[in-house]
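Undergrad: Input coords.cif, format and content: mmCIF, C-alpha atoms.
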```
data_upload
loop_
_atom_site.label_atom_id
_atom_site.label_comp_id
_atom_site.auth_asym_id
_atom_site.auth_seq_id
_atom_site.Cartn_x
_atom_site.Cartn_y
_atom_site.Cartn_z
CA MET O 184 18.44 78.78 0.19
CA ASP O 185 21.33 81.26 0.29
CA GLU O 186 21.59 80.91 4.07
CA ASN O 187 22.75 77.32 3.59
CA THR O 188 25.32 78.13 0.93
CA ILE O 189 28.76 78.46 2.48
CA ILE O 190 31.13 80.88 0.79
CA CYS O 191 33.82 80.94 3.48
CA ARG O 192 34.50 77.48 4.88
CA CYS O 193 36.97 78.81 7.44
CA SER O 194 34.52 81.16 9.20
CA ASP O 195 31.17 79.73 8.03
CA VAL O 196 30.11 82.88 6.17
CA THR O 197 27.09 82.30 3.95
CA LEU O 198 26.09 83.58 0.53
CA LYS O 199 23.13 85.33 2.18
CA GLU O 200 25.43 87.30 4.49
CA ILE O 201 27.62 88.31 1.56
CA ARG O 202 24.66 89.37 -0.60
CA ASP O 203 23.07 91.30 2.29
CA LEU O 204 26.31 93.22 2.86
CA ILE O 205 26.69 94.00 -0.84
CA ALA O 206 23.08 95.25 -0.86
CA GLN O 207 23.97 97.53 2.06
CA GLY O 208 26.78 99.03 0.00
CA TYR O 209 29.81 97.07 1.17
CA VAL O 210 31.18 96.41 -2.28
CA THR O 211 34.87 95.73 -1.64
CA TYR O 212 36.49 92.52 -0.46
CA ASP O 213 38.23 94.39 2.36
CA GLU O 214 35.01 95.83 3.78
CA ILE O 215 33.32 92.44 3.73
CA LYS O 216 36.42 90.92 5.31
CA ARG O 217 36.42 93.42 8.18
CA ILE O 218 32.78 92.70 8.97
CA THR O 219 32.70 88.91 8.51
CA ARG O 220 36.37 87.77 8.98
CA ILE O 221 36.14 86.27 5.49
CA GLY O 222 39.62 85.52 4.15
CA MET O 223 41.16 85.57 7.64
CA GLY O 224 40.95 81.84 8.37
CA PRO O 225 43.38 79.02 7.59
CA CYS O 226 42.89 79.28 3.81
CA GLN O 227 43.50 83.06 3.80
CA GLY O 228 40.88 83.65 1.10
CA LYS O 229 41.98 81.00 -1.37
CA THR O 230 38.57 79.31 -1.31
CA CYS O 231 36.23 82.27 -0.94
CA GLY O 232 38.18 84.98 -2.77
CA GLN O 233 36.96 84.44 -6.30
CA LEU O 234 33.42 83.60 -5.13
CA VAL O 235 33.11 86.88 -3.22
CA LEU O 236 34.66 88.93 -6.02
CA ARG O 237 32.27 87.29 -8.49
CA GLU O 238 29.29 88.29 -6.30
CA ILE O 239 30.57 91.87 -6.12
CA ALA O 240 31.16 91.92 -9.88
CA ASN O 241 27.65 90.61 -10.60
CA ALA O 242 26.04 93.10 -8.24
CA THR O 243 27.97 96.19 -9.34
CA GLY O 244 28.56 95.45 -13.03
CA GLN O 245 32.33 95.74 -12.58
CA SER O 246 34.67 93.24 -14.19
CA MET O 247 36.66 90.81 -12.05
CA ALA O 248 39.88 92.39 -13.29
CA ASP O 249 38.87 95.77 -11.82
CA LEU O 250 38.15 94.40 -8.36
CA LYS O 251 40.75 94.33 -5.62
CA PHE O 252 41.41 91.27 -3.47
CA HIS O 253 42.87 91.84 0.00
CA ASN O 254 46.56 92.49 0.59
CA ILE O 255 48.36 89.22 1.07
CA ARG O 256 50.52 89.08 4.17
CA PRO O 257 52.53 86.42 5.97
CA PRO O 258 52.08 83.73 7.14
CA VAL O 259 50.35 81.60 4.51
CA VAL O 260 49.82 78.76 6.98
CA GLY O 261 49.50 78.67 10.75
CA VAL O 262 52.83 78.66 12.63
CA PRO O 263 53.02 77.93 16.38
CA LEU O 264 54.07 81.14 18.13
CA HIS O 265 56.74 79.39 20.22
CA LEU O 266 58.54 78.37 17.02
CA ILE O 267 58.63 81.97 15.85
CA ALA O 268 59.90 83.04 19.28
CA GLU O 269 62.65 80.39 19.22
CA GLU O 270 63.81 81.43 15.75
CA ALA O 271 63.85 85.10 16.82
CA LYS O 272 66.00 84.19 19.86
CA LYS O 273 68.55 82.48 17.60
CA ASN O 274 69.06 85.75 15.77
CA GLU O 275 69.79 87.59 19.02
CA GLU O 276 72.56 85.17 19.99
CA MET H 292 69.68 81.29 8.77
CA LYS H 293 70.16 78.87 5.91
CA GLU H 294 71.82 80.45 2.88
CA VAL H 295 71.26 79.06 -0.60
CA GLU H 296 72.08 80.04 -4.13
CA LEU H 297 68.75 79.14 -5.76
CA LEU H 298 65.61 78.39 -3.80
CA ILE H 299 62.79 76.59 -5.58
CA ILE H 300 59.42 76.49 -3.89
CA GLY H 301 57.49 73.41 -4.96
CA SER H 302 58.66 70.07 -6.36
CA GLY H 303 55.96 69.51 -8.96
CA PRO H 304 56.79 69.30 -12.67
CA ALA H 305 57.81 72.98 -12.84
CA GLY H 306 59.92 72.94 -9.68
CA LEU H 307 61.76 69.70 -10.48
CA CYS H 308 62.56 70.82 -14.03
CA ALA H 309 63.76 74.20 -12.77
CA ALA H 310 66.06 72.40 -10.33
CA ILE H 311 67.42 70.01 -12.98
CA SER H 312 68.03 72.85 -15.39
CA ALA H 313 69.72 75.15 -12.86
CA ALA H 314 71.83 72.45 -11.22
CA SER H 315 73.01 71.15 -14.62
CA SER H 316 74.37 74.64 -15.21
CA GLY H 317 76.24 74.45 -11.92
CA ALA H 318 73.89 76.20 -9.46
CA ARG H 319 73.30 74.84 -5.97
CA VAL H 320 69.61 74.37 -5.41
CA LEU H 321 67.32 73.91 -2.43
CA ILE H 322 63.76 72.74 -3.11
CA LEU H 323 61.01 73.13 -0.51
CA GLU H 324 58.16 70.63 -0.79
CA ARG H 325 55.24 70.80 1.60
CA SER H 326 54.23 67.17 1.00
CA PHE H 327 55.97 64.05 2.32
CA ARG H 328 56.78 63.01 -1.24
CA PRO H 329 58.24 65.02 -4.12
CA GLY H 330 56.55 65.28 -7.52
CA GLY H 331 53.59 67.57 -6.87
CA GLN H 332 50.38 66.46 -8.56
CA LEU H 333 52.28 64.14 -10.94
CA ILE H 334 52.37 61.43 -8.28
CA LYS H 335 48.61 60.88 -8.45
CA GLN H 336 48.28 60.95 -12.24
CA THR H 337 47.83 57.32 -13.25
CA HIS H 338 46.79 58.17 -16.81
CA MET H 339 49.08 58.64 -19.79
CA PHE H 340 49.90 62.20 -20.79
CA PHE H 341 49.48 63.83 -24.17
CA GLY H 342 51.82 66.42 -25.60
CA SER H 343 55.11 65.82 -27.30
CA GLU H 344 58.02 63.43 -26.82
CA ALA H 345 60.10 66.11 -25.13
CA GLN H 346 57.60 66.24 -22.25
CA TYR H 347 57.29 62.44 -21.92
CA ALA H 348 53.99 62.05 -23.77
CA SER H 349 52.44 58.57 -23.47
CA HIS H 350 54.02 58.15 -20.02
CA ARG H 351 51.87 58.10 -16.91
CA GLY H 352 52.22 61.17 -14.72
CA VAL H 353 53.46 59.15 -11.77
CA ASP H 354 56.22 57.67 -13.96
CA ILE H 355 57.18 61.14 -15.19
CA ALA H 356 57.74 62.11 -11.55
CA ASP H 357 60.14 59.16 -11.23
CA ILE H 358 61.98 60.10 -14.44
CA LEU H 359 62.46 63.66 -13.18
CA LEU H 360 63.50 62.52 -9.70
CA ASP H 361 66.13 60.21 -11.25
CA LYS H 362 67.54 63.23 -13.04
CA VAL H 363 67.55 65.16 -9.77
CA ARG H 364 69.43 62.33 -8.02
CA ALA H 365 71.96 62.18 -10.86
CA LEU H 366 72.92 65.77 -10.04
CA GLY H 367 74.02 64.65 -6.59
CA ASP H 368 74.42 67.14 -3.79
CA ARG H 369 73.81 70.11 -6.05
CA ILE H 370 70.08 69.65 -5.35
CA GLU H 371 68.67 69.27 -1.85
CA ILE H 372 64.96 68.55 -1.38
CA MET H 373 63.38 69.36 1.97
CA LEU H 374 60.12 67.45 2.36
CA ASN H 375 57.23 68.26 4.71
CA THR H 376 58.38 71.85 4.46
CA THR H 377 56.04 74.72 3.69
CA ALA H 378 57.25 78.15 2.57
CA VAL H 379 55.39 80.43 4.97
CA ALA H 380 56.45 83.91 3.93
CA PHE H 381 58.56 85.77 1.39
CA TYR H 382 60.10 89.09 2.47
CA GLU H 383 61.69 92.09 0.75
CA ASP H 384 65.28 90.99 1.41
CA ASN H 385 64.63 87.65 -0.38
CA VAL H 386 64.31 85.88 2.94
CA VAL H 387 61.81 83.04 2.89
CA THR H 388 60.63 81.50 6.12
CA ALA H 389 59.74 77.83 6.22
CA LEU H 390 57.92 75.43 8.52
CA LYS H 391 59.31 71.87 8.55
CA ASP H 392 57.44 68.91 10.04
CA GLU H 393 55.29 71.48 11.83
CA LYS H 394 57.99 71.75 14.48
CA GLU H 395 60.90 73.67 12.98
CA TYR H 396 60.58 77.26 11.79
CA PHE H 397 63.56 78.87 10.10
CA LYS H 398 64.76 81.48 7.62
CA ILE H 399 66.28 80.86 4.23
CA LYS H 400 68.20 83.57 2.41
CA ALA H 401 68.31 82.96 -1.33
CA LYS H 402 70.20 84.76 -4.08
CA SER H 403 67.48 83.79 -6.54
CA ILE H 404 64.06 82.18 -6.28
CA VAL H 405 61.78 80.17 -8.52
CA CYS H 406 58.20 80.08 -7.28
CA ALA H 407 56.62 76.84 -8.55
CA THR H 408 53.80 76.56 -6.07
CA GLY H 409 51.13 75.20 -8.42
CA ALA H 410 47.41 75.70 -8.04
CA PHE H 411 44.41 75.49 -5.75
CA GLU H 412 41.01 73.96 -6.53
CA LYS H 413 38.18 76.41 -7.10
CA SER H 414 35.05 75.95 -5.04
CA LEU H 415 31.39 76.25 -5.95
CA ALA H 416 28.49 77.94 -4.14
CA PHE H 417 25.32 75.87 -3.73
CA PRO H 418 23.09 75.09 -0.75
CA ASN H 419 24.60 72.69 1.78
CA ASN H 420 27.97 72.77 0.02
CA ASP H 421 29.68 72.20 3.38
CA LEU H 422 28.27 68.72 4.00
CA PRO H 423 30.89 66.03 4.60
CA GLY H 424 31.28 63.96 1.43
CA ILE H 425 31.67 67.02 -0.79
CA TYR H 426 35.24 67.19 -2.06
CA GLY H 427 37.39 68.82 -4.66
CA ALA H 428 38.02 66.32 -7.46
CA GLY H 429 41.76 66.71 -6.96
CA ALA H 430 41.37 65.88 -3.28
CA VAL H 431 39.52 62.68 -4.16
CA GLN H 432 42.25 61.78 -6.63
CA THR H 433 44.85 62.28 -3.88
CA LEU H 434 42.84 60.16 -1.44
CA MET H 435 42.53 57.32 -3.94
CA ASN H 436 45.83 57.33 -5.80
CA VAL H 437 48.25 58.54 -3.13
CA TYR H 438 46.72 57.23 0.09
CA GLY H 439 44.71 54.27 -1.25
CA VAL H 440 41.54 55.48 0.44
CA LYS H 441 38.15 54.87 -1.17
CA PRO H 442 36.15 58.10 -0.85
CA GLY H 443 32.70 56.49 -1.05
CA ASP H 444 30.47 54.28 -3.17
CA ARG H 445 28.41 56.55 -5.40
CA VAL H 446 29.84 59.74 -6.83
CA LEU H 447 28.42 62.71 -8.69
CA MET H 448 31.09 64.69 -10.54
CA VAL H 449 30.49 68.40 -11.10
CA GLY H 450 32.69 69.55 -13.97
CA ALA H 451 33.47 67.84 -17.28
CA GLY H 452 36.90 69.33 -17.86
CA ASN H 453 39.95 67.08 -18.00
CA ILE H 454 40.30 66.73 -14.23
CA GLY H 455 36.60 65.91 -13.70
CA VAL H 456 36.52 63.37 -16.48
CA ILE H 457 39.87 61.74 -15.68
CA VAL H 458 39.10 61.47 -11.96
CA SER H 459 35.68 59.99 -12.82
CA TYR H 460 37.37 57.33 -14.93
CA GLN H 461 39.85 56.57 -12.16
CA LEU H 462 36.97 56.28 -9.66
CA MET H 463 35.33 53.71 -11.96
CA GLN H 464 38.68 51.87 -12.22
CA ALA H 465 38.71 51.72 -8.42
CA GLY H 466 35.28 50.08 -8.46
CA ILE H 467 33.37 53.19 -7.40
CA GLN H 468 30.20 54.07 -9.27
CA VAL H 469 30.06 57.49 -10.93
CA VAL H 470 26.35 58.21 -11.40
CA ALA H 471 26.87 61.20 -13.70
CA VAL H 472 29.28 63.91 -14.73
CA LEU H 473 27.76 67.31 -15.29
CA ASP H 474 28.95 70.66 -16.55
CA ALA H 475 27.23 74.03 -16.81
CA ALA H 476 28.92 74.63 -20.16
CA PRO H 477 27.08 73.46 -23.29
CA ARG H 478 30.09 71.37 -24.34
CA ILE H 479 32.43 68.88 -22.68
CA GLY H 480 35.67 70.63 -21.77
CA ALA H 481 37.80 67.49 -21.50
CA TYR H 482 39.74 65.95 -24.36
CA LEU H 483 37.52 63.64 -26.40
CA VAL H 484 39.71 60.60 -25.68
CA HIS H 485 39.10 60.89 -21.92
CA ALA H 486 35.40 61.71 -22.27
CA SER H 487 34.86 58.81 -24.68
CA LYS H 488 36.40 56.30 -22.27
CA LEU H 489 33.90 57.40 -19.65
CA ALA H 490 30.97 57.37 -22.06
CA ARG H 491 31.87 53.82 -23.13
CA MET H 492 31.59 52.74 -19.49
CA GLY H 493 28.03 54.04 -19.51
CA VAL H 494 28.55 57.16 -17.39
CA PRO H 495 26.22 59.96 -18.56
CA ILE H 496 27.91 63.30 -19.21
CA LEU H 497 25.27 66.01 -18.80
CA THR H 498 26.19 69.32 -20.40
CA SER H 499 24.24 72.53 -19.57
CA HIS H 500 23.56 71.13 -16.10
CA THR H 501 24.46 72.36 -12.65
CA VAL H 502 24.10 71.20 -9.07
CA LYS H 503 21.12 72.93 -7.45
CA GLU H 504 21.63 71.69 -3.92
CA ALA H 505 23.09 68.95 -1.78
CA ILE H 506 20.81 67.08 0.62
CA GLY H 507 21.78 65.42 3.89
CA THR H 508 21.99 65.87 7.64
CA ASP H 509 25.34 64.58 8.91
CA CYS H 510 26.80 63.95 5.47
CA ILE H 511 25.70 64.17 1.85
CA GLU H 512 22.91 61.74 0.97
CA ALA H 513 21.76 63.11 -2.37
CA ALA H 514 22.27 65.93 -4.83
CA VAL H 515 19.68 67.72 -6.95
CA VAL H 516 20.79 68.57 -10.45
CA CYS H 517 19.03 70.82 -12.97
CA GLU H 518 19.45 72.11 -16.50
CA VAL H 519 20.70 75.65 -17.14
CA ASP H 520 19.90 78.00 -20.00
CA GLU H 521 22.46 79.74 -22.19
CA LYS H 522 22.96 82.36 -19.45
CA PHE H 523 23.71 79.56 -16.96
CA GLN H 524 20.43 80.21 -15.11
CA PRO H 525 18.61 77.14 -13.71
CA ILE H 526 15.54 76.04 -15.72
CA PRO H 527 12.65 75.31 -13.32
CA GLY H 528 11.07 71.87 -13.60
CA THR H 529 14.23 70.15 -14.87
CA GLU H 530 15.41 68.89 -11.46
CA THR H 531 16.73 65.34 -11.07
CA ARG H 532 17.80 63.79 -7.78
CA TYR H 533 20.83 61.51 -7.49
CA ASP H 534 21.42 59.50 -4.33
CA VAL H 535 25.16 59.78 -3.71
CA ASP H 536 27.58 59.72 -0.80
CA VAL H 537 30.27 61.73 -2.59
CA LEU H 538 30.04 64.88 -4.66
CA CYS H 539 33.21 66.01 -6.42
CA ILE H 540 33.72 69.60 -7.47
CA SER H 541 35.93 70.05 -10.49
CA VAL H 542 35.26 73.58 -11.69
CA GLY H 543 38.81 74.59 -12.37
CA LEU H 544 41.98 75.65 -10.59
CA SER H 545 43.33 79.00 -9.43
CA PRO H 546 47.03 79.84 -9.64
CA LEU H 547 48.62 79.61 -6.18
CA ASN H 548 51.07 82.48 -5.88
CA GLU H 549 50.38 84.32 -2.65
CA LEU H 550 54.11 84.27 -1.79
CA LEU H 551 54.84 86.37 -4.88
CA ALA H 552 51.98 88.73 -4.09
CA MET H 553 53.26 89.33 -0.55
CA ARG H 554 56.79 89.91 -1.91
CA GLY H 555 55.39 92.82 -3.94
CA VAL H 556 55.52 91.22 -7.38
CA GLU H 557 53.23 93.02 -9.83
CA MET H 558 50.12 90.86 -10.27
CA LYS H 559 47.20 90.97 -12.68
CA TYR H 560 43.85 89.19 -12.88
CA VAL H 561 43.87 87.31 -16.18
CA PRO H 562 40.72 85.23 -16.75
CA GLN H 563 42.39 83.20 -19.52
CA LEU H 564 44.95 81.99 -16.95
CA SER H 565 42.23 81.37 -14.32
CA GLY H 566 43.09 84.02 -11.76
CA SER H 567 45.58 86.53 -10.45
CA VAL H 568 49.03 85.91 -11.94
CA PRO H 569 52.43 87.60 -11.84
CA MET H 570 53.55 89.83 -14.69
CA ARG H 571 56.78 88.42 -16.13
CA THR H 572 59.31 88.46 -18.94
CA GLU H 573 59.39 85.77 -21.62
CA THR H 574 62.00 83.98 -19.48
CA CYS H 575 59.62 83.76 -16.49
CA GLU H 576 61.26 86.53 -14.43
CA THR H 577 58.90 88.78 -12.46
CA CYS H 578 59.28 92.55 -11.98
CA ILE H 579 61.65 91.77 -9.09
CA PRO H 580 65.04 90.74 -10.51
CA GLY H 581 66.00 87.20 -9.58
CA VAL H 582 62.44 86.20 -8.68
CA PHE H 583 61.04 83.74 -11.21
CA VAL H 584 57.74 81.90 -11.58
CA ALA H 585 56.96 78.65 -13.40
CA GLY H 586 54.07 76.25 -13.85
CA ASP H 587 50.49 76.69 -12.69
CA ALA H 588 51.52 79.45 -10.26
CA SER H 589 51.96 81.62 -13.36
CA GLY H 590 48.61 80.60 -14.90
CA ILE H 591 46.71 77.34 -15.24
CA GLU H 592 48.02 75.17 -18.07
CA GLU H 593 49.17 71.58 -18.30
CA ALA H 594 52.04 69.63 -16.79
CA SER H 595 53.85 69.67 -20.13
CA SER H 596 54.09 73.46 -20.26
CA ALA H 597 54.88 73.56 -16.54
CA MET H 598 57.92 71.36 -17.21
CA VAL H 599 59.18 73.56 -20.05
CA GLU H 600 58.61 76.74 -18.03
CA GLY H 601 60.54 75.09 -15.22
CA TYR H 602 63.50 74.27 -17.47
CA LEU H 603 63.44 77.82 -18.84
CA ALA H 604 63.17 79.53 -15.44
CA GLY H 605 65.90 77.31 -13.98
CA LEU H 606 68.23 77.95 -16.91
CA CYS H 607 67.75 81.72 -16.74
CA ALA H 608 67.85 81.94 -12.93
CA ALA H 609 71.15 80.04 -12.88
CA ALA H 610 72.55 82.20 -15.69
CA LYS H 611 71.83 85.35 -13.70
CA LEU H 612 73.82 83.84 -10.84
CA GLY H 613 76.79 83.42 -13.18
CA HIS H 614 76.20 79.82 -14.24
CA VAL H 615 75.92 80.26 -17.99
CA PRO H 616 76.26 77.05 -19.98
CA GLU H 617 77.89 77.18 -23.42
CA ASP H 618 74.63 76.33 -25.15
CA PHE H 619 72.60 78.86 -23.11
CA GLU H 620 71.10 80.76 -26.04
CA ALA H 621 70.27 77.61 -28.01
CA ARG H 622 68.56 76.02 -25.02
CA LYS H 623 66.64 79.18 -24.19
CA GLN H 624 65.38 79.41 -27.77
CA ASP H 625 64.50 75.70 -27.73
CA TYR H 626 62.38 76.06 -24.58
CA LEU H 627 60.63 79.14 -25.97
CA LYS H 628 59.90 77.21 -29.17
CA GLN H 629 58.56 74.24 -27.18
CA LEU H 630 56.23 76.54 -25.24
CA GLU H 631 55.05 78.13 -28.47
CA ASP H 632 54.31 74.66 -29.90
CA LEU H 633 52.46 73.52 -26.77
CA ARG H 634 50.31 76.66 -26.90
CA SER H 635 49.65 76.48 -30.64
CA GLY H 636 46.37 75.64 -32.34
CA PRO H 637 42.81 76.47 -31.28
CA VAL H 638 43.23 74.84 -27.84
CA GLY H 639 46.03 77.28 -27.08
CA ASP H 640 44.09 80.40 -28.13
CA ARG H 641 43.05 81.24 -24.61
CA ILE H 642 46.49 80.66 -23.14
CA ARG H 643 48.19 82.74 -25.83
CA ALA H 644 45.75 85.59 -25.24
CA GLY H 645 46.39 85.34 -21.50
CA MET H 646 50.16 85.25 -21.92
CA LYS H 647 50.11 88.47 -23.92
CA LEU H 648 48.46 90.25 -20.99
CA THR H 649 51.16 89.14 -18.55
CA GLN H 650 54.27 90.22 -20.44
CA LEU H 651 56.52 92.77 -18.80
#
```
Just dump the structure as structure tokens.

TA:
Amino acid sequence: MDENTIICRCSDVTLKEIRDLIAQGYVTYDEIKRITRIGMGPCQGKTCGQLVLREIANATGQSMADLKFHNIRPPVVGVPLHLIAEEAKKNEE
Amino acid sequence: MKEVELLIIGSGPAGLCAAISAASSGARVLILERSFRPGGQLIKQTHMFFGSEAQYASHRGVDIADILLDKVRALGDRIEIMLNTTAVAFYEDNVVTALKDEKEYFKIKAKSIVCATGAFEKSLAFPNNDLPGIYGAGAVQTLMNVYGVKPGDRVLMVGAGNIGVIVSYQLMQAGIQVVAVLDAAPRIGAYLVHASKLARMGVPILTSHTVKEAIGTDCIEAAVVCEVDEKFQPIPGTETRYDVDVLCISVGLSPLNELLAMRGVEMKYVPQLSGSVPMRTETCETCIPGVFVAGDASGIEEASSAMVEGYLAGLCAAAKLGHVPEDFEARKQDYLKQLEDLRSGPVGDRIRAGMKLTQL
């Protein structure tokens, strides 16, 4: 059933994929992110973050407080590139 | 680049109160609100609030938003609210970038900042949890109470905390059938008053139950529910099927504070506050001077404490900018006392324990 359970709605990553990766030894959010693109979609990990960390915690016996989420970087929502370019041009003038 | 004295991100209860407090002291305030309407989640709360007089108890949330917005208007041009504007990034030099109407992108340089960005609904992992018709309970409440859209005809609510129970009641008020409310915990998390109203309408509240799977092809058609043991593991043979076209997930909120995290504010995972939260002083200031946090962004509580935190953060942010009212110390102590009262008693145990872990 795990293959039908979606953990990451942005990139359609399933619970089965997450559990398989953890079983292979990928036990940090960043490693799982690099392999699956989890946390790199429009929600930037807000939906999947705690679910993935909980899976890692359950599998490794660590507490949630000891696990690291990914580094949070701008932007928090999608911004059309031409708008960024226009704003940058204003600063040059 | 737009330059402002105090930038407040979010116009929910915390953000509005921070603005009122700071502008009353003489600060000039800009509020960014990503929605088309100010008030945050207050605008969809059609039920009366608990708490104390000072936080407008026995008023409906939507009316509290109006009360606060009247106070904002009374402060004239000292407070500007930009609607449809999302804070996109927060950089080291206190520059925030914003996206307005999805067609203007610009920088704002602020002397001081209050982050009052609220919360995000937690999701739940179960088979077919991506079928259309599966919503966050807060999203359904927004659909119904803000946009006047009926989400469906038959609803299963997962989560018997205040949000799950209140939204279930409001669904029933809108003529939508709630077939059951379930919660994995052995006890109902919501206040008894709210849960009783639902029980009187004949809605079963099933404790120690969870959703096992959703069923459907193009959208949800049914959900299978089962009992769980004391370790929250499903008990085989206890499955019940409910034919529904909506499933609401109400399993809690996470603090929304990614802007603070990217700014380099020291954060900590505090389960009592439902997620990663900024470390701060008793006056809501983070480890970065002039950067404050208030409301659910600093840990999940209620609108009443969000308002008081907002007043406190706004007062102290303005004071740091040189706007110190004569009664500064008295007001500060009053807000701290109000927060202590709101977090008193057995209900506040968790919050108090969480707060201790976040103090700088």

Undergrad: Find the spatial neighbours of stretch 257-267 of chain O, counting all atoms listed in the file, within a cut-off of 12 Å - ignore same-chain residues fewer than 6 positions away - and output them as a PyMOL selection string.

TA: (chain O and resi 222-229+273-274) or (chain H and resi 325+376-383+387-398+547-554)

Undergrad: Could you list, as a PyMOL selection string, every residue of chain O that has an atom within 12 Å of an atom of chain H, counting all atoms listed in the file?

TA: chain O and resi 184-199+201+226-238+246-274

Undergrad: Between H:Tyr426, H:Ser316, H:Thr574, H:Gly409, which is the closest to H:Glu617 once you count only C-alpha atoms?

TA: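 For H:Glu617, the nearest of the candidates is H:Ser316.
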
Undergrad: Hey, what's within 9 Å of H:Leu612 if we count all atoms listed in the file and toss same-chain stuff fewer than 4 positions away? As an NGL selection string, please?

TA: :H and (296-297 or 318 or 402-403 or 581 or 607-608)

Undergrad: Keeping only C-alpha atoms, write those residues as an mmCIF file, in the frame of the given file.

TA:
```cif
data_model
loop_
_atom_site.group_PDB
_atom_site.id
_atom_site.type_symbol
_atom_site.label_atom_id
_atom_site.label_comp_id
_atom_site.auth_asym_id
_atom_site.auth_seq_id
_atom_site.Cartn_x
_atom_site.Cartn_y
_atom_site.Cartn_z
ATOM 1 C CA GLU H 296 72.080 80.040 -4.130
ATOM 2 C CA LEU H 297 68.750 79.140 -5.760
ATOM 3 C CA ALA H 318 73.890 76.200 -9.460
ATOM 4 C CA LYS H 402 70.200 84.760 -4.080
ATOM 5 C CA SER H 403 67.480 83.790 -6.540
ATOM 6 C CA GLY H 581 66.000 87.200 -9.580
ATOM 7 C CA CYS H 607 67.750 81.720 -16.740
ATOM 8 C CA ALA H 608 67.850 81.940 -12.930
#
```

Undergrad: Residues proximal to (21.7, 83.0, -17.1) were defined as those with any atom within 12 Å of that point in the file's coordinates, counting all atoms listed in the file. Which are they, as a ChimeraX atom specification?

TA: /O:241 /H:475-476,499,501,518-526

Undergrad: Find the residues with any atom within 9 Å of (47.0, 59.4, -14.8); use all atoms listed in the file and the coordinates as given in the file, and write the answer as an NGL selection string.

TA: :H and (333-340 or 350-353 or 457-458 or 461)

Undergrad: With the PyMOL selection byres ((chain H and resi 328) around 12) as the selection, what would be picked from this file? Answer as a PDB file with C-alpha atoms, in the coordinates of the input, please.

TA:
```pdb
ATOM      1  CA  GLY H 301      57.490  73.410  -4.960  1.00  0.00           C
ATOM      2  CA  SER H 302      58.660  70.070  -6.360  1.00  0.00           C
ATOM      3  CA  GLY H 303      55.960  69.510  -8.960  1.00  0.00           C
ATOM      4  CA  LEU H 323      61.010  73.130  -0.510  1.00  0.00           C
ATOM      5  CA  GLU H 324      58.160  70.630  -0.790  1.00  0.00           C
ATOM      6  CA  ARG H 325      55.240  70.800   1.600  1.00  0.00           C
ATOM      7  CA  SER H 326      54.230  67.170   1.000  1.00  0.00           C
ATOM      8  CA  PHE H 327      55.970  64.050   2.320  1.00  0.00           C
ATOM      9  CA  PRO H 329      58.240  65.020  -4.120  1.00  0.00           C
ATOM     10  CA  GLY H 330      56.550  65.280  -7.520  1.00  0.00           C
ATOM     11  CA  GLY H 331      53.590  67.570  -6.870  1.00  0.00           C
ATOM     12  CA  GLN H 332      50.380  66.460  -8.560  1.00  0.00           C
ATOM     13  CA  LEU H 333      52.280  64.140 -10.940  1.00  0.00           C
ATOM     14  CA  ILE H 334      52.370  61.430  -8.280  1.00  0.00           C
ATOM     15  CA  LYS H 335      48.610  60.880  -8.450  1.00  0.00           C
ATOM     16  CA  VAL H 353      53.460  59.150 -11.770  1.00  0.00           C
ATOM     17  CA  ALA H 356      57.740  62.110 -11.550  1.00  0.00           C
ATOM     18  CA  ASP H 357      60.140  59.160 -11.230  1.00  0.00           C
ATOM     19  CA  LEU H 360      63.500  62.520  -9.700  1.00  0.00           C
ATOM     20  CA  ILE H 372      64.960  68.550  -1.380  1.00  0.00           C
ATOM     21  CA  MET H 373      63.380  69.360   1.970  1.00  0.00           C
ATOM     22  CA  LEU H 374      60.120  67.450   2.360  1.00  0.00           C
ATOM     23  CA  ASN H 375      57.230  68.260   4.710  1.00  0.00           C
ATOM     24  CA  THR H 376      58.380  71.850   4.460  1.00  0.00           C
ATOM     25  CA  VAL H 437      48.250  58.540  -3.130  1.00  0.00           C
ATOM     26  CA  TYR H 438      46.720  57.230   0.090  1.00  0.00           C
TER      27      TYR H 438
END
```

Undergrad: Suppose a student applies the PyMOL selection byres ((chain H and resi 491-498) around 7) to this structure; what residues should they get, written as a short mmCIF file (atom, residue, chain, number, x, y, z; two decimals) with C-alpha atoms, in the coordinates of the input?

TA:
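Once everything was written out, this is result.cif:
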```cif
data_model
loop_
_atom_site.label_atom_id
_atom_site.label_comp_id
_atom_site.auth_asym_id
_atom_site.auth_seq_id
_atom_site.Cartn_x
_atom_site.Cartn_y
_atom_site.Cartn_z
CA VAL H 469 30.06 57.49 -10.93
CA VAL H 470 26.35 58.21 -11.40
CA ALA H 471 26.87 61.20 -13.70
CA VAL H 472 29.28 63.91 -14.73
CA LEU H 473 27.76 67.31 -15.29
CA ASP H 474 28.95 70.66 -16.55
CA ALA H 475 27.23 74.03 -16.81
CA ALA H 476 28.92 74.63 -20.16
CA PRO H 477 27.08 73.46 -23.29
CA ARG H 478 30.09 71.37 -24.34
CA ILE H 479 32.43 68.88 -22.68
CA SER H 487 34.86 58.81 -24.68
CA LYS H 488 36.40 56.30 -22.27
CA LEU H 489 33.90 57.40 -19.65
CA ALA H 490 30.97 57.37 -22.06
CA SER H 499 24.24 72.53 -19.57
CA HIS H 500 23.56 71.13 -16.10
#
```

Undergrad: Would you work out the distance separating atom CA of H:Gly342 from atom CA of H:Arg622, expressed in Å to one decimal?

TA: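 Atom CA of H:Arg622 lies 19.3 Å from atom CA of H:Gly342.
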